[in-house]
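See below for the structure under consideration.
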There are 2 protein chains.
Amino acid sequence: MKEMNAKEQMEIYLQSHKIESLFNEEILPYLSLYEFDKGQQICSQGEAVENLYILVKGKVKIFTTSEEGKTLILSFKTPLEVIGDIEYVQEIDTINTVEAVSPVVMIGVRQSVLRRFLKDHSPFLQFLLRIITRKFYIKSQFMRHNILYPVETRLASYLVSVAYDENETLVNGNVSVSNLTDIANLIGTSYRHLNRVIKEFCKNGLVERNKGSIVIKDLEGLKSLAKENLYE
Amino acid sequence: MKEMNAKEQMEIYLQSHKIESLFNEEILPYLSLYEFDKGQQICSQGEAVENLYILVKGKVKIFTTSEEGKTLILSFKTPLEVIGDIEYVQEIDTINTVEAVSPVVMIGVRQSVLRRFLKDHSPFLQFLLRIITRKFYIKSQFMRHNILYPVETRLASYLVSVAYDENETLVNGNVSVSNLTDIANLIGTSYRHLNRVIKEFCKNGLVERNKGSIVIKDLEGLKSLAKENLYE
DNA sequence: TTTCAAAAAGGACATATGTCCTAAATTTTA
DNA sequence: TAAAATTTAGGACATATGTCCTTTTTGAAA
């Protein structure tokens, strides 16, 4: 992790995400930029929280680990997102571990500073409300899907969601699947079973394997298997 | 559903839950009291939302239904709780169905009224933040538990949670289990399987059956089976 | 290039959980 | 009280999913 104090760079991030209005003049000197390398942990389940972070660049993975060491990936997040908001409001320790899966830039600010300057600043409160309710809704749908439907449905749903990149344009068939283990943990199943289902999808002509990556052959077929569109 | 305008009654609810400060003078005339009978629906998945409700008396059940008609109970809620907050902030249709499981009283207010009077009223915003982050946290733990652990663990966890009533005092062994189907839907399994696990619990001396109700025989045993304390 | 570690793929088997049915017990309604 | 509907309980079987291993492939490091 690298902490920076580049005022200009901060300006650029604030403007590009249109979040200048969240803050007031007094708090600006207390905002810092943090850079994390791929693989670095931003915060770790169970530990005390000091900062609230706003993700302005890169991608993070949020996951939880059970006593037995099982991992469950809860989500991947890209800007604009907030890390540590629940903990800030509830005054509790870190709920889930957050890890950079690409080079990441965050705006960080201490909880004590927030309490001092933004406790009654309604643009900031409204911002948090919007971010958190969105998170809640997504988690709600994700959970519903995960409990109500079998792995087959969940995988189809996942593939449909990554078939489109961030710009909503269809990524030409070839879905670069970073890591099957991650997918297994994301859809809440074992690696073994995931493989079994992928094999089934191949047999039915929905996808093809190609050196570790998966090529979507029948997007419509996947969509109908996915039942509900998890990612809007 | 019965809509009332009893000013005095309203006062009592506002004071007993210490939520007078959420509102300002202008909005008070727009607050209404609603009564729902046991079994009545407060709102229904997919339909448009008009009101935001504050649950001040009684108990509600929040659930979702899949295309195939499977039901998943997400939670039971008692005061103080808010219904329709996510929908209000996100401006979306009702996410889950809410049903009274006892006679219920709610304070209701139209979204349009809220937008007019409380959009920048920070006590209200802070209140929503606290309520929603709490919900988020609970849902988070619930989901984690549900995906990571087998039914056995989830049932033990549920039984431990109902062994204590709202006052944190141990309800003397005899847990009045309203309805096994509800439990099955709450812990996300089938009625059949729930029964199987209960039988197993009986065999191991953890609980006993007694005309439909379940008597806890070994609370400590259940606690250790439950692994993590879901309900704090 | 060689070596090594990680990731992919899947066989064999065990276990958890679901579906469908039937019968008894219990509660609700007429 | 009688009849109907709901809830309980569990048998029999099918299916989904998990665990443990082995082999192969791939990509990174020496």
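By order of appearance in the structure tokens: chains A, B, ..., then residues from 1 within every chain, and ligands from 1 in the order shown.
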
Taking the DSSP assignment computed from this structure's backbone, write out as an MDAnalysis selection string all residues of region 32-216 of chain B that belong to helix (DSSP H, G or I). chainID B and resid 85:90 111:117 122:148 151:163 180:186 191:203

Quick one: write out the picked residues with C-alpha atoms as a PDB file, in the first residue's frame?
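What follows is the written file selection_12.pdb:
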ATOM      1  CA  ASP B  85     -36.402   2.079   2.939  1.00  0.00           C
ATOM      2  CA  ILE B  86     -34.357   0.408   0.234  1.00  0.00           C
ATOM      3  CA  GLU B  87     -37.123   0.982  -2.252  1.00  0.00           C
ATOM      4  CA  TYR B  88     -37.421   4.629  -1.214  1.00  0.00           C
ATOM      5  CA  VAL B  89     -33.745   5.409  -1.695  1.00  0.00           C
ATOM      6  CA  GLN B  90     -33.272   3.317  -4.826  1.00  0.00           C
ATOM      7  CA  GLN B 111     -42.424   8.769  -0.286  1.00  0.00           C
ATOM      8  CA  SER B 112     -43.338  12.056  -1.898  1.00  0.00           C
ATOM      9  CA  VAL B 113     -43.825  13.624   1.517  1.00  0.00           C
ATOM     10  CA  LEU B 114     -40.480  12.329   2.713  1.00  0.00           C
ATOM     11  CA  ARG B 115     -38.764  13.770  -0.327  1.00  0.00           C
ATOM     12  CA  ARG B 116     -40.382  17.095   0.282  1.00  0.00           C
ATOM     13  CA  PHE B 117     -39.642  17.467   3.981  1.00  0.00           C
ATOM     14  CA  SER B 122     -29.850  14.732   8.878  1.00  0.00           C
ATOM     15  CA  PRO B 123     -31.417  13.056  11.935  1.00  0.00           C
ATOM     16  CA  PHE B 124     -33.688  11.172   9.591  1.00  0.00           C
ATOM     17  CA  LEU B 125     -30.864  10.338   7.196  1.00  0.00           C
ATOM     18  CA  GLN B 126     -28.714   9.105  10.060  1.00  0.00           C
ATOM     19  CA  PHE B 127     -31.592   7.018  11.311  1.00  0.00           C
ATOM     20  CA  LEU B 128     -32.024   5.386   7.914  1.00  0.00           C
ATOM     21  CA  LEU B 129     -28.313   4.754   7.719  1.00  0.00           C
ATOM     22  CA  ARG B 130     -28.276   3.030  11.065  1.00  0.00           C
ATOM     23  CA  ILE B 131     -31.311   0.905  10.240  1.00  0.00           C
ATOM     24  CA  ILE B 132     -30.094  -0.072   6.806  1.00  0.00           C
ATOM     25  CA  THR B 133     -26.546  -0.894   7.795  1.00  0.00           C
ATOM     26  CA  ARG B 134     -27.893  -3.073  10.564  1.00  0.00           C
ATOM     27  CA  LYS B 135     -30.110  -4.859   8.075  1.00  0.00           C
ATOM     28  CA  PHE B 136     -27.187  -5.257   5.751  1.00  0.00           C
ATOM     29  CA  TYR B 137     -25.023  -6.739   8.435  1.00  0.00           C
ATOM     30  CA  ILE B 138     -27.671  -9.181   9.529  1.00  0.00           C
ATOM     31  CA  LYS B 139     -28.366 -10.247   5.971  1.00  0.00           C
ATOM     32  CA  SER B 140     -24.676 -10.612   5.366  1.00  0.00           C
ATOM     33  CA  GLN B 141     -24.188 -12.969   8.273  1.00  0.00           C
ATOM     34  CA  PHE B 142     -27.349 -14.850   7.468  1.00  0.00           C
ATOM     35  CA  MET B 143     -26.282 -15.445   3.892  1.00  0.00           C
ATOM     36  CA  ARG B 144     -22.773 -16.422   4.845  1.00  0.00           C
ATOM     37  CA  HIS B 145     -24.153 -18.912   7.289  1.00  0.00           C
ATOM     38  CA  ASN B 146     -26.673 -20.240   4.849  1.00  0.00           C
ATOM     39  CA  ILE B 147     -24.200 -20.885   2.075  1.00  0.00           C
ATOM     40  CA  LEU B 148     -21.232 -21.982   4.121  1.00  0.00           C
ATOM     41  CA  VAL B 151     -28.741 -27.536   7.411  1.00  0.00           C
ATOM     42  CA  GLU B 152     -27.765 -29.116  10.719  1.00  0.00           C
ATOM     43  CA  THR B 153     -25.745 -26.033  11.655  1.00  0.00           C
ATOM     44  CA  ARG B 154     -28.408 -23.645  10.454  1.00  0.00           C
ATOM     45  CA  LEU B 155     -31.157 -25.364  12.419  1.00  0.00           C
ATOM     46  CA  ALA B 156     -29.065 -25.423  15.592  1.00  0.00           C
ATOM     47  CA  SER B 157     -28.421 -21.747  15.099  1.00  0.00           C
ATOM     48  CA  TYR B 158     -32.107 -21.036  14.643  1.00  0.00           C
ATOM     49  CA  LEU B 159     -33.078 -22.997  17.742  1.00  0.00           C
ATOM     50  CA  VAL B 160     -30.521 -21.180  19.846  1.00  0.00           C
ATOM     51  CA  SER B 161     -31.866 -17.865  18.611  1.00  0.00           C
ATOM     52  CA  VAL B 162     -35.472 -18.642  19.532  1.00  0.00           C
ATOM     53  CA  ALA B 163     -34.480 -20.171  22.851  1.00  0.00           C
ATOM     54  CA  LEU B 180     -42.127 -26.230  10.649  1.00  0.00           C
ATOM     55  CA  THR B 181     -42.690 -25.156   7.077  1.00  0.00           C
ATOM     56  CA  ASP B 182     -41.678 -21.642   8.024  1.00  0.00           C
ATOM     57  CA  ILE B 183     -38.501 -22.883   9.617  1.00  0.00           C
ATOM     58  CA  ALA B 184     -37.698 -24.919   6.536  1.00  0.00           C
ATOM     59  CA  ASN B 185     -38.154 -21.872   4.345  1.00  0.00           C
ATOM     60  CA  LEU B 186     -36.170 -19.710   6.712  1.00  0.00           C
ATOM     61  CA  TYR B 191     -39.637 -29.622   4.847  1.00  0.00           C
ATOM     62  CA  ARG B 192     -38.612 -33.223   4.418  1.00  0.00           C
ATOM     63  CA  HIS B 193     -35.008 -32.617   5.133  1.00  0.00           C
ATOM     64  CA  LEU B 194     -35.745 -30.437   8.111  1.00  0.00           C
ATOM     65  CA  ASN B 195     -37.651 -33.326   9.601  1.00  0.00           C
ATOM     66  CA  ARG B 196     -34.776 -35.638   9.020  1.00  0.00           C
ATOM     67  CA  VAL B 197     -32.406 -33.332  10.859  1.00  0.00           C
ATOM     68  CA  ILE B 198     -34.819 -32.863  13.749  1.00  0.00           C
ATOM     69  CA  LYS B 199     -34.998 -36.612  14.099  1.00  0.00           C
ATOM     70  CA  GLU B 200     -31.228 -36.720  14.243  1.00  0.00           C
ATOM     71  CA  PHE B 201     -31.252 -34.040  16.948  1.00  0.00           C
ATOM     72  CA  CYS B 202     -33.720 -36.109  18.943  1.00  0.00           C
ATOM     73  CA  LYS B 203     -31.526 -39.149  18.655  1.00  0.00           C
TER      74      LYS B 203
END

Up to 8 Å from chain A, what residues of chain D turn up? Count only C-alpha atoms (C1' of nucleotides) and give them as a PyMOL selection string. chain D and resi 16-18

Taking only C-alpha atoms (C1' of nucleotides) into account, which residues of chain C are within 8 Å of chain B, as number ranges by chain? C: 16-18

So which one's closest to chain A, B:Met10, B:Leu52, B:Leu74, B:Leu222? Using only C-alpha atoms, please. B:Leu74

Could you check which of B:Thr97, B:Ala48, B:Met106, B:Val60 is closest to Leu31 (chain B), using only C-alpha atoms? B:Met106

Strand (DSSP E or B) call set, DSSP backbone run, region 82-158 of chain A, as a count of residues only: 13

For DT3 (chain C), list every protein, DNA or RNA residue within 12 Å, evaluated using only C-alpha atoms (C1' of nucleotides), and leave out those in the same chain fewer than 3 positions away; present the list as a list in words. DA28, DA29 and DA30 of chain D

Compile a residue-level contact table for chain D against region 6-12 of chain C at a cut-off of 9 Å, reporting for every qualifying residue the shortest atom pair and its distance in Å to one decimal, with only C-alpha atoms (C1' of nucleotides) counted, rows ordered by chain and ascending number, as a tab-separated table.
residue	atom	partner	partner_atom	distance
D:DC21	C1'	C:DG11	C1'	8.7
D:DT22	C1'	C:DG11	C1'	8.6
D:DT23	C1'	C:DA9	C1'	8.7
D:DT24	C1'	C:DA9	C1'	7.9
D:DT25	C1'	C:DA8	C1'	6.9
D:DT26	C1'	C:DA7	C1'	7.5
D:DG27	C1'	C:DA6	C1'	8.4

Can you tell me how far CA of Gln15 (chain A) sits from CA of Glu35 (chain A), in Å to one decimal?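 Separation of CA of Gln15 (chain A) and CA of Glu35 (chain A): 18.4 Å.
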
Report, in Å with one decimal, the straight-line distance from CA of Val109 (chain A) to CA of Ile27 (chain A). 9.1 Å

So that I can see what lies close to region 4-11 of chain D, please list as a PDB file with C-alpha atoms (C1' of nucleotides), in the first residue's frame the residues with an atom at most 8 Å from it, counting only C-alpha atoms (C1' of nucleotides) and leaving out residues fewer than 2 positions away in the same chain.
ATOM      1  CA  ASN B 195     -37.651 -33.326   9.601  1.00  0.00           C
ATOM      2  CA  GLY B 212     -45.606 -30.378  17.196  1.00  0.00           C
TER       3      GLY B 212
ATOM      4  C1'  DA C  25     -52.447 -36.235  14.194  1.00  0.00           C
ATOM      5  C1'  DT C  26     -54.103 -31.720  14.856  1.00  0.00           C
ATOM      6  C1'  DT C  27     -56.543 -27.589  13.994  1.00  0.00           C
ATOM      7  C1'  DT C  28     -60.019 -25.045  11.708  1.00  0.00           C
ATOM      8  C1'  DT C  29     -64.446 -24.464   9.764  1.00  0.00           C
TER       9       DT C  29
END

Can you measure CA of Glu68 (chain A) to CA of Gln41 (chain A) for me? One decimal in Å is fine.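 Answer for the CA of Glu68 (chain A) to CA of Gln41 (chain A) separation: 20.6 Å.
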
All residues 6 Å or closer to region 91-95 of chain A, only C-alpha atoms (C1' of nucleotides), same chain fewer than 5 positions away omitted, as a list in words: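 Here the answer would be Gln45, Gly46, Glu47, Ala48 and Val49 of chain A.
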
Can those selected residues be exported to a file as a PDB file, in the first residue's frame so that it contains N, CA and C atoms?
ATOM      1  N   GLN A  45     -11.056  -9.368   7.520  1.00  0.00           N
ATOM      2  CA  GLN A  45     -12.150  -9.808   8.385  1.00  0.00           C
ATOM      3  C   GLN A  45     -11.758  -9.875   9.863  1.00  0.00           C
ATOM      4  N   GLY A  46     -12.512  -9.187  10.692  1.00  0.00           N
ATOM      5  CA  GLY A  46     -12.284  -9.283  12.127  1.00  0.00           C
ATOM      6  C   GLY A  46     -11.413  -8.197  12.737  1.00  0.00           C
ATOM      7  N   GLU A  47     -10.640  -7.510  11.920  1.00  0.00           N
ATOM      8  CA  GLU A  47      -9.751  -6.500  12.500  1.00  0.00           C
ATOM      9  C   GLU A  47     -10.458  -5.154  12.638  1.00  0.00           C
ATOM     10  N   ALA A  48      -9.909  -4.305  13.491  1.00  0.00           N
ATOM     11  CA  ALA A  48     -10.500  -2.990  13.709  1.00  0.00           C
ATOM     12  C   ALA A  48     -10.391  -2.139  12.442  1.00  0.00           C
ATOM     13  N   VAL A  49     -11.327  -1.216  12.281  1.00  0.00           N
ATOM     14  CA  VAL A  49     -11.338  -0.392  11.070  1.00  0.00           C
ATOM     15  C   VAL A  49     -10.911   1.021  11.427  1.00  0.00           C
TER      16      VAL A  49
END

Under the rule that only C-alpha atoms are counted, which of A:Val104, A:Ile187, A:Ile19, A:Val56 is the nearest residue to chain B? A:Ile187
